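Taking it in order: structure first as structure tokens, then the write-up.
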Amino acid sequence: MESATTRQAWSADLKIASLVCLLVLTACLLGIATRPLGHLATIWPANALLLGLMVRYPQLARPAGWLGGVAAYVIADSITGGAPLKTLMLTLANLAGVVSAYLLLSRLSEEHRSLRSPLSVPYLALAVTLASLASGLVGAIIDPLLFDGTPFSGLTFWFVTELVNYIAILPVLLTMPDWPERLKDRRQRLLTSRQRLLHALPAVSLVVFGVLCLMVGGPGALAFPVPALLWCALSYSVFTTALLTFAFTSSLLVVLAVVGIPLAPFDMNSHPVLLSLRLGITLLAFAPLTVASVMAVRNQLLQRMQYMASHDQLSGLLNRWAFYEQARQLSPNRPLALLMFDIDHFKRINDTYGHATGDLVLQAFARLASHGLRDGDALARLGGEEFALLLPGCSHNQALAIAERIRTDYANAPISLEDGQHVQSTVSIGAVVALQPPADIDELLLSADRVLYQAKESGRNRVVISQYAPDEQARTETA
């Protein structure tokens with residue numbers, strides 16, 4: 001048994017190491033491909049990717065995962081013909097920043113790690129700045145040994161390079177949603193052609209301002225995309241904003257390295273000027289990321305307030321106001337069934353067991369009645385022990401079957417209390433089916449309330465269903 005368990009553990013570690021190694025190695029090779037200026041890679045995504053994997057997926061932050069990352073660094077540098085000592089030093093510099101940032105970011109809450117708080121971006125900036133400084137300190141030792149530089153040039157080069165890549169890439173990895181849920185949300189909110197066009201305008205404006213930045217040039221060109229970036233932050237999610245910001249800054253960095261940008265009358269081949277421009281371009285990401293984080297908090301607060309305004313706090317169902325609003329949106333040309341529920345002898349339950357138990361009874365009925373409803377159905381607590389259910393497009397027989405199912409299931413589901421007692425409760429149901437619903441939902445509610453009264457007068461724990469008629473001469477049926 002122990003041997004089989006050990007083999008499974010080794011197999012899991014091998015899969016983790018292989019996955020991390022493959023991803024980081026791919027990122028290393030992409031970074032190596034952007035080296036137009038000797039050892040200075042325009043974009044080096046490997047460190048940010050390894051850090052994002054470890055922070056976003058804690059199951060990878062195991063010795064096997066870290067070993068996979070180290071193996072990727074060694075393999076990538078060996079492919080380019082690096083000497084063993086050089087490979088060791090470069091790997092040490094990479095790991096110094098990644099491990100430092102991981103120790104800092106792993107101490108933050110999930111809310112901050114996913115950039116869903118106004119302070120999240122400052123915390124992230126502090127963590128990656130300290131991590132970049134750790135890499136810079138190692139670079140101060142490496143640069144004189146490998147590239148005939150000075151300790152100061154090594155410090156500034158490694159610090160700026162690491163900071164640039166962390167700021168550009170890490171927010172995308174930390175805010176990336178779970179794709180199955182994201183695709184499901186997309187299917188649920190299909191946009192019209194006009195809505196899609198309007199939704200794309202902020203991203204289009206970012207492209208336009210980016211082109212203007214390249215065409216116009218001058219000292220102020222870097223500020224051109226700021227309005228578009230802020231518009232994106234106000235319009236899109238944190239992840240989409242981070243992705244657009246990364247795409248823009250990385251594209252600008254590549255153009256800067258390959259063809260240059262007429263930003264100012266400086267020597268574009270000057271190392272300090274180039275580092276300054278790269279850092280300035282990347283720091284543009286802070287503004288949209290901060291705004292997007294604040295907007296995410298604002299949107300969550302608005303959603304919470306909207307939910308509280310439209311839902312009953314005890315049962316979690318729609319309240320009376322939201323029920324009326326949903327009823328007004330129904331088509332008058334479709335059949336409509338309205339079911340009204342009244343929990344039998346509810347006052348007796350409160351008097352016998354206390355109001356806390358009465359609340360449990362209401363919550364239990366809300367859960368049971370909610371089960372199996374369609375997307376367009378509306379279940380609400382109207383007040384006290386009274387509930388209502390709207391069933392658009394529902395026939396007489398279908399409404400009767402649904403009402404009877406709820407009545408039977410509730411009668412056969414006693415509620416267990418903490419002291420071991422069981423509360424048995426039943427519900428009376430009045431149902432009205434309208435082939436042509438009235439314009440005022442109050443008319444249908446009044447008709448259903450009359451039928452509900454008949455159910456209670458007939459002995460409770462039963463369903464009485466009626467065909468709605470404006471002249472109130474309706475046919476009723478008792479189940």
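Starting from 1 in every chain, residues are counted up; chains themselves are A, B, ... following the order of the structure tokens, and ligands are numbered from 1 as listed.
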
DSSP alpha helix (DSSP H) selection over range 314-427 of chain A, as a PyMOL selection string: chain A and resi 320-328+346-353+355-370+396-411

Non-local contacts of range 356-365 of chain A (12 Å; only C-alpha atoms; under 3 positions in same chain excluded) as a VMD selection string: chain A and resid 312 to 317 341 to 353 368 to 371 379 to 388 406 to 419 421 to 427

With C-alpha atoms kept, could you save the residues just selected as a compact mmCIF listing (two decimals), in the first residue's frame?
```
# COMPACT_ATOMS: atom_id res chain seq x y z
CA ASP A 312 -35.84 39.13 0.96
CA GLN A 313 -33.00 38.89 3.47
CA LEU A 314 -34.37 35.87 5.32
CA SER A 315 -35.35 33.56 2.47
CA GLY A 316 -33.08 34.87 -0.29
CA LEU A 317 -36.06 35.03 -2.65
CA PHE A 341 -48.50 29.69 -0.92
CA ASP A 342 -49.40 30.06 2.73
CA ILE A 343 -47.65 27.91 5.34
CA ASP A 344 -50.33 26.30 7.48
CA HIS A 345 -50.59 27.27 11.17
CA PHE A 346 -47.39 29.29 11.03
CA LYS A 347 -48.34 31.37 14.09
CA ARG A 348 -48.69 28.16 16.07
CA ILE A 349 -45.15 27.17 15.04
CA ASN A 350 -43.79 30.51 16.24
CA ASP A 351 -45.69 30.28 19.52
CA THR A 352 -44.64 26.68 20.17
CA TYR A 353 -41.02 26.60 19.02
CA LEU A 368 -37.74 23.45 -1.55
CA ALA A 369 -39.97 25.67 -3.71
CA SER A 370 -36.92 27.03 -5.58
CA HIS A 371 -35.83 23.58 -6.67
CA LEU A 379 -40.50 33.01 -6.78
CA ALA A 380 -40.96 35.69 -4.11
CA ARG A 381 -41.74 36.09 -0.46
CA LEU A 382 -44.56 38.61 -0.30
CA GLY A 383 -44.45 38.94 3.46
CA GLY A 384 -44.84 36.83 6.60
CA GLU A 385 -45.53 33.23 5.58
CA GLU A 386 -46.93 34.13 2.14
CA PHE A 387 -45.06 33.29 -1.06
CA ALA A 388 -45.89 33.68 -4.76
CA ILE A 406 -44.25 21.40 -3.96
CA ARG A 407 -47.09 20.64 -1.55
CA THR A 408 -46.22 16.93 -1.32
CA ASP A 409 -42.47 17.43 -1.01
CA TYR A 410 -42.87 20.02 1.72
CA ALA A 411 -45.31 17.89 3.70
CA ASN A 412 -42.82 14.99 3.59
CA ALA A 413 -39.79 17.04 4.66
CA PRO A 414 -39.84 17.62 8.42
CA ILE A 415 -37.36 20.18 9.77
CA SER A 416 -34.81 18.92 12.31
CA LEU A 417 -33.96 21.19 15.25
CA GLU A 418 -30.73 21.29 17.22
CA ASP A 419 -32.38 19.70 20.28
CA GLN A 421 -37.05 17.70 17.73
CA HIS A 422 -38.73 17.67 14.31
CA VAL A 423 -41.19 20.27 13.05
CA GLN A 424 -43.75 19.01 10.58
CA SER A 425 -45.37 21.68 8.45
CA THR A 426 -47.70 21.85 5.46
CA VAL A 427 -48.64 24.47 2.90
```

Would you please work out which residue, of A:Ala93, A:Ala337, A:Leu390, A:Ala292, is nearest to Gln436 in chain A when using only C-alpha atoms? A:Ala337

What is the distance between CA of Arg62 in chain A and CA of Arg7 in chain A, in Å to one decimal? 16.9 Å

Quick one: residues within 9 Å of Leu289 in chain A, only C-alpha atoms, excluding same-chain residues fewer than 3 positions away - as number ranges by chain? A: 115, 121, 171, 230, 233, 238, 241-242, 245, 285-286, 292-294

Next, the residues of the selection above should be written as a PDB file, in the first residue's frame with N, CA and C atoms.
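Contents of the output file selection-v4.pdb:
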```
ATOM      1  N   LEU A 115      -6.345  41.447  -7.207  1.00  0.00           N
ATOM      2  CA  LEU A 115      -6.491  42.879  -7.525  1.00  0.00           C
ATOM      3  C   LEU A 115      -7.937  43.335  -7.458  1.00  0.00           C
ATOM      4  N   VAL A 121      -3.287  47.131  -5.963  1.00  0.00           N
ATOM      5  CA  VAL A 121      -2.214  47.523  -6.879  1.00  0.00           C
ATOM      6  C   VAL A 121      -1.023  48.111  -6.119  1.00  0.00           C
ATOM      7  N   PRO A 171      -0.072  41.073 -13.488  1.00  0.00           N
ATOM      8  CA  PRO A 171      -1.507  41.318 -13.287  1.00  0.00           C
ATOM      9  C   PRO A 171      -2.408  40.462 -14.176  1.00  0.00           C
ATOM     10  N   LEU A 230      -7.377  54.583 -19.362  1.00  0.00           N
ATOM     11  CA  LEU A 230      -8.346  54.847 -18.287  1.00  0.00           C
ATOM     12  C   LEU A 230      -9.767  54.513 -18.734  1.00  0.00           C
ATOM     13  N   ALA A 233     -10.148  50.905 -18.363  1.00  0.00           N
ATOM     14  CA  ALA A 233     -10.289  50.537 -16.955  1.00  0.00           C
ATOM     15  C   ALA A 233     -11.697  50.785 -16.443  1.00  0.00           C
ATOM     16  N   VAL A 238     -11.033  43.785 -14.475  1.00  0.00           N
ATOM     17  CA  VAL A 238      -9.623  43.947 -14.135  1.00  0.00           C
ATOM     18  C   VAL A 238      -8.763  43.102 -15.065  1.00  0.00           C
ATOM     19  N   THR A 241      -8.636  44.646 -18.582  1.00  0.00           N
ATOM     20  CA  THR A 241      -7.791  45.842 -18.521  1.00  0.00           C
ATOM     21  C   THR A 241      -6.321  45.464 -18.436  1.00  0.00           C
ATOM     22  N   ALA A 242      -5.998  44.487 -17.594  1.00  0.00           N
ATOM     23  CA  ALA A 242      -4.607  44.039 -17.469  1.00  0.00           C
ATOM     24  C   ALA A 242      -4.100  43.461 -18.784  1.00  0.00           C
ATOM     25  N   THR A 245      -3.583  46.322 -21.274  1.00  0.00           N
ATOM     26  CA  THR A 245      -2.417  47.100 -20.866  1.00  0.00           C
ATOM     27  C   THR A 245      -1.130  46.367 -21.194  1.00  0.00           C
ATOM     28  N   ALA A 285       1.065  51.256 -16.752  1.00  0.00           N
ATOM     29  CA  ALA A 285       0.105  50.219 -16.363  1.00  0.00           C
ATOM     30  C   ALA A 285      -0.508  50.481 -15.001  1.00  0.00           C
ATOM     31  N   PHE A 286       0.179  51.237 -14.143  1.00  0.00           N
ATOM     32  CA  PHE A 286      -0.333  51.422 -12.782  1.00  0.00           C
ATOM     33  C   PHE A 286      -1.670  52.152 -12.757  1.00  0.00           C
ATOM     34  N   ALA A 292      -9.135  50.122 -12.517  1.00  0.00           N
ATOM     35  CA  ALA A 292      -9.918  48.901 -12.725  1.00  0.00           C
ATOM     36  C   ALA A 292     -10.193  48.201 -11.403  1.00  0.00           C
ATOM     37  N   SER A 293      -9.225  48.199 -10.479  1.00  0.00           N
ATOM     38  CA  SER A 293      -9.434  47.581  -9.167  1.00  0.00           C
ATOM     39  C   SER A 293     -10.504  48.321  -8.378  1.00  0.00           C
ATOM     40  N   VAL A 294     -10.443  49.649  -8.414  1.00  0.00           N
ATOM     41  CA  VAL A 294     -11.460  50.450  -7.710  1.00  0.00           C
ATOM     42  C   VAL A 294     -12.835  50.222  -8.324  1.00  0.00           C
TER      43      VAL A 294
END
```

Counting only C-alpha atoms, which of A:Val216, A:Leu206, A:Leu19, A:Val99 gets nearest to Thr249 in chain A?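 Smallest distance to Thr249 in chain A is found for A:Leu206.
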
One decimal, Å: what's the distance from CA of Leu336 in chain A over to CA of Val432 in chain A, could you say? 8.3 Å

Between CA of Met340 in chain A and CA of Ala431 in chain A, what distance in Å does the model show, to one decimal?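 Taking CA of Met340 in chain A and CA of Ala431 in chain A, their separation equals 6.3 Å.
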
From the options A:Val208, A:Val24, A:Leu49, A:Leu133, which residue's atoms come nearest to Pro227 in chain A, counting only C-alpha atoms? A:Val208

Rank A:Leu201, A:Ala125, A:Ile16, A:Leu53 by their smallest atom-to-atom distance to Tyr102 in chain A, using only C-alpha atoms, and report the top residue only.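 Among A:Leu201, A:Ala125, A:Ile16, A:Leu53, it is A:Leu53 that comes nearest to Tyr102 in chain A.
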
I'd like the contact shell of Leu283 in chain A - 8 Å cut-off, only C-alpha atoms, skipping same-chain residues fewer than 4 positions apart - returned as a list in words. Val164, Ile167 and Leu279 of chain A
